[in-house]
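A quick write-up on the structure given underneath.
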Amino acid sequence: MALVLHAGKTNKNAFKTLIVAEYTGVKVELAPDFEMGVTNKTPEYLKLNPIGKVPLLVTPDGPIFESNAIARYVARLKADNPLIGSSLIDYAHIEQWIDFGSLEIDANIISWFRPRFGSAVYLPPAEEAAISALKRALGALNTHLASNTYLVGHFVTLADIIVTCNLLIGFTKLMTKSFTSEFPHVERYFWTLVNQPNFKKVLGDVKQTESVPPVPSAKKPSQPKETKSKAKEEPKKEAKKEPAKPKAEAAEEVEEAPKPKPKNPLDLLPPSGMVLDDWKRLYSNTKTNFREVAIKGFWDMYDPEGYSLWFCEYKYNDENTVSFVTLNKVGGFLQRMDLARKYAFGKMLVIGSEPPFKVKGLWLFRGQEIPPFVMEECYDMELYNWTKVDLSDENQKERVNQMIEDQEPFEGEVLLDAKCFK
């Protein structure tokens, strides 16, 4: 009698058991007509697994859920099976790598994957943390595989099957060649395993992703249109006719004009001699002799009473271990600053030739403080330390010049990228 595995045909957690079955010869069949989100919500399914998780294995002795437990069960159905090791220490090492694959690799890949595919809220600091932790795990795995073909011993074990399935979404959906090239032994290991006959029967041809999917744009849910059903159900009430009022009295009942929306407090500040758009045009149009033209023009225009300059530095630079994620983080910050475009100009620099990369910035704001509405509306602001520029300090003033100019090297380090908000 075949064991029945309830899962979709592309479920990477189901692949673990199906690959184990190929190695052991145990007959495992996918449940026919399984539909994720439908089948696993039925009363029949919930009797077998109260929280409706997938996959679920139905056996003559009762149901089993949790993919690693299912894979272990199928592996142990065959006596003297090399998949589970030949000694107590082998067994312990196999369990060690199974836990490692689940906690250090799978968990971080899923944390990176779900927001990118719209099934969780996208938060740049959370993605950065997940990728940083994943790289740390891949580094440890890479070190082990530098002197080992497989995770335990000289043959494929249950640990290899589970860890490879955990890596699958990473390689096919998120981790481009430029990302995985930092871990050559992990690359060799992964491609060796997915091309093993028993893996290939289940996985088919595996191809590495060429790009990281963009963050889905957040769309506001459309407002449902009001139905006319209520109007049809309720009979119209006749309006009571009131006697005509004298013209003088009627004139007093003229509708109040709508109140104008309150202005941004920055619009109520005294006029400034600095026209922000003039500076932005000068910055954009200056292609040569930047210091002599644009920088000089900036200080000629600058109004220290109407505007203020601020340095900022990312609080968690130690976490900036992936260059493209760091660049995307800065780009997202500038997008969310769009609400301040009328009142601000900014430069954001990504510094360093090797991780961790430093993120530093210079901002020009209308008024003497960072506008409160910016602090309230743009959550990224809290991720930076802000320091008001002291223009009486010539060193700080020169630092302003260097940041506007994108001077390289900046403070003795390579300038990886510079972005402008204008």
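Naming works like this for the structure tokens: A, B, ... for the chains as they're shown, residue 1 at the start of each chain, ligands 1 onward in shown order.
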
Residues within 12 Å of Ala159 (chain A), please, as a PyMOL selection string. Count only C-alpha atoms; anything in the same chain fewer than 3 positions from it doesn't count. chain A and resi 16+19-20+68+71-72+75+82-85+90-102+150-153+155-156+162-166+193

I need the residues from that last selection saved to file as a compact mmCIF listing (two decimals), in the first residue's frame (with N, CA, C and O atoms), if you can.
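And here is the file that came out, result29.txt:
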# COMPACT_ATOMS: atom_id res chain seq x y z
N LYS A 16 11.34 16.83 -0.33
CA LYS A 16 12.22 16.10 0.59
C LYS A 16 11.81 14.63 0.66
O LYS A 16 12.64 13.72 0.50
N ILE A 19 12.11 12.63 -2.76
CA ILE A 19 13.50 12.25 -3.08
C ILE A 19 13.95 11.09 -2.18
O ILE A 19 14.58 10.14 -2.65
N VAL A 20 13.60 11.17 -0.89
CA VAL A 20 13.91 10.07 0.01
C VAL A 20 13.29 8.77 -0.52
O VAL A 20 13.92 7.70 -0.51
N ASN A 68 10.22 17.63 7.77
CA ASN A 68 11.42 16.89 8.17
C ASN A 68 11.07 15.57 8.88
O ASN A 68 11.73 14.55 8.68
N ALA A 71 10.04 13.10 6.19
CA ALA A 71 11.22 12.58 5.47
C ALA A 71 11.97 11.57 6.34
O ALA A 71 12.43 10.53 5.84
N ARG A 72 12.10 11.83 7.63
CA ARG A 72 12.77 10.90 8.54
C ARG A 72 12.02 9.56 8.58
O ARG A 72 12.62 8.48 8.55
N ALA A 75 12.57 7.58 5.41
CA ALA A 75 13.95 7.09 5.35
C ALA A 75 14.14 5.87 6.24
O ALA A 75 14.86 4.93 5.90
N PRO A 82 21.64 3.85 4.29
CA PRO A 82 22.74 4.81 4.44
C PRO A 82 22.26 6.26 4.58
O PRO A 82 23.03 7.12 5.02
N LEU A 83 21.01 6.54 4.21
CA LEU A 83 20.50 7.90 4.34
C LEU A 83 20.51 8.38 5.78
O LEU A 83 20.61 9.58 6.04
N ILE A 84 20.39 7.44 6.74
CA ILE A 84 20.34 7.86 8.15
C ILE A 84 21.62 7.54 8.90
O ILE A 84 21.68 7.65 10.13
N GLY A 85 22.68 7.17 8.17
CA GLY A 85 23.99 6.95 8.79
C GLY A 85 24.17 5.54 9.30
O GLY A 85 23.21 4.77 9.46
N ASP A 90 27.29 9.45 13.16
CA ASP A 90 26.75 9.82 11.85
C ASP A 90 25.32 10.35 12.00
O ASP A 90 24.95 11.37 11.41
N TYR A 91 24.53 9.60 12.79
CA TYR A 91 23.14 10.00 13.00
C TYR A 91 23.07 11.40 13.62
O TYR A 91 22.28 12.25 13.20
N ALA A 92 23.94 11.66 14.60
CA ALA A 92 23.94 12.98 15.26
C ALA A 92 24.33 14.08 14.28
O ALA A 92 23.74 15.16 14.28
N HIS A 93 25.34 13.80 13.43
CA HIS A 93 25.76 14.81 12.46
C HIS A 93 24.69 15.06 11.40
O HIS A 93 24.49 16.20 10.95
N ILE A 94 23.97 14.01 11.01
CA ILE A 94 22.87 14.19 10.05
C ILE A 94 21.79 15.08 10.66
O ILE A 94 21.31 16.03 10.03
N GLU A 95 21.44 14.82 11.92
CA GLU A 95 20.44 15.65 12.60
C GLU A 95 20.94 17.08 12.77
O GLU A 95 20.17 18.05 12.67
N GLN A 96 22.22 17.23 13.01
CA GLN A 96 22.84 18.55 13.16
C GLN A 96 22.63 19.38 11.90
O GLN A 96 22.19 20.54 11.96
N TRP A 97 22.93 18.80 10.74
CA TRP A 97 22.81 19.54 9.48
C TRP A 97 21.36 19.74 9.07
O TRP A 97 21.03 20.74 8.42
N ILE A 98 20.48 18.84 9.47
CA ILE A 98 19.05 19.05 9.20
C ILE A 98 18.57 20.28 9.96
O ILE A 98 17.88 21.15 9.41
N ASP A 99 18.94 20.37 11.23
CA ASP A 99 18.57 21.56 12.03
C ASP A 99 19.20 22.83 11.46
O ASP A 99 18.56 23.88 11.38
N PHE A 100 20.46 22.73 11.08
CA PHE A 100 21.16 23.88 10.50
C PHE A 100 20.44 24.35 9.23
O PHE A 100 20.21 25.56 9.03
N GLY A 101 20.09 23.39 8.37
CA GLY A 101 19.41 23.75 7.13
C GLY A 101 18.07 24.42 7.36
O GLY A 101 17.67 25.33 6.63
N SER A 102 17.36 23.98 8.40
CA SER A 102 16.04 24.54 8.68
C SER A 102 16.12 25.90 9.35
O SER A 102 15.41 26.84 8.96
N TYR A 150 29.98 15.65 0.57
CA TYR A 150 28.64 15.64 1.14
C TYR A 150 28.71 16.14 2.58
O TYR A 150 29.79 16.31 3.14
N LEU A 151 27.56 16.34 3.19
CA LEU A 151 27.54 16.89 4.54
C LEU A 151 28.08 15.92 5.59
O LEU A 151 28.79 16.30 6.51
N VAL A 152 27.72 14.64 5.43
CA VAL A 152 28.15 13.61 6.39
C VAL A 152 28.67 12.40 5.62
O VAL A 152 27.94 11.81 4.83
N GLY A 153 29.92 12.04 5.83
CA GLY A 153 30.47 10.85 5.19
C GLY A 153 30.69 11.03 3.70
O GLY A 153 30.86 12.16 3.19
N PHE A 155 28.62 9.62 1.21
CA PHE A 155 27.43 9.29 0.43
C PHE A 155 26.33 10.30 0.74
O PHE A 155 26.37 11.01 1.76
N VAL A 156 25.33 10.34 -0.13
CA VAL A 156 24.16 11.19 0.11
C VAL A 156 23.44 10.69 1.35
O VAL A 156 23.20 9.49 1.51
N ILE A 162 17.56 17.26 2.60
CA ILE A 162 16.81 18.37 3.22
C ILE A 162 17.49 19.71 2.97
O ILE A 162 16.83 20.70 2.62
N VAL A 163 18.80 19.79 3.13
CA VAL A 163 19.50 21.06 2.91
C VAL A 163 19.41 21.50 1.45
O VAL A 163 19.21 22.68 1.16
N THR A 164 19.51 20.56 0.51
CA THR A 164 19.39 20.93 -0.91
C THR A 164 18.00 21.46 -1.21
O THR A 164 17.85 22.46 -1.93
N CYS A 165 16.96 20.82 -0.66
CA CYS A 165 15.60 21.33 -0.87
C CYS A 165 15.42 22.71 -0.23
O CYS A 165 14.69 23.56 -0.75
N ASN A 166 16.09 22.93 0.91
CA ASN A 166 16.03 24.26 1.53
C ASN A 166 16.70 25.32 0.67
O ASN A 166 16.28 26.49 0.67
N LEU A 193 24.14 17.85 -6.44
CA LEU A 193 23.02 17.10 -5.90
C LEU A 193 21.78 17.19 -6.78
O LEU A 193 21.12 16.17 -7.02

Near-Leu349 (chain A) list (9 Å; only C-alpha atoms; drop same-chain fewer than 2 positions) as number ranges by chain: A: 330, 347, 351, 358-362, 403, 406, 415-420

How would the residues just picked look written out with C-alpha atoms as a PDB file, in the first residue's frame?
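Full text of out.pdb as output:
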ATOM      1  CA  VAL A 330      19.116  53.952   0.108  1.00  0.00           C
ATOM      2  CA  LYS A 347      22.932  63.602  -1.032  1.00  0.00           C
ATOM      3  CA  ILE A 351      31.056  54.169   1.050  1.00  0.00           C
ATOM      4  CA  LYS A 358      28.779  52.795   5.263  1.00  0.00           C
ATOM      5  CA  VAL A 359      25.793  54.971   4.411  1.00  0.00           C
ATOM      6  CA  LYS A 360      26.161  58.690   5.072  1.00  0.00           C
ATOM      7  CA  GLY A 361      24.200  61.683   3.875  1.00  0.00           C
ATOM      8  CA  LEU A 362      23.844  65.457   3.702  1.00  0.00           C
ATOM      9  CA  MET A 403      29.411  65.448  -0.154  1.00  0.00           C
ATOM     10  CA  ASP A 406      30.727  63.347  -4.609  1.00  0.00           C
ATOM     11  CA  LEU A 415      32.836  55.906  -2.957  1.00  0.00           C
ATOM     12  CA  LEU A 416      30.688  52.949  -4.061  1.00  0.00           C
ATOM     13  CA  ASP A 417      27.701  55.091  -5.076  1.00  0.00           C
ATOM     14  CA  ALA A 418      26.198  58.548  -4.644  1.00  0.00           C
ATOM     15  CA  LYS A 419      22.524  59.382  -4.985  1.00  0.00           C
ATOM     16  CA  CYS A 420      20.935  62.815  -5.151  1.00  0.00           C
TER      17      CYS A 420
END

Top pick for closest residue to Ser111 (chain A), considering A:Lys342, A:Arg336, A:Val374, A:Ile169 and counting only C-alpha atoms: A:Ile169

So, counting only C-alpha atoms, which residue among A:Ile404, A:Val186, A:Leu30, A:Leu5 is closest to Arg291 (chain A)?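 The closest residue to Arg291 (chain A) is A:Ile404.
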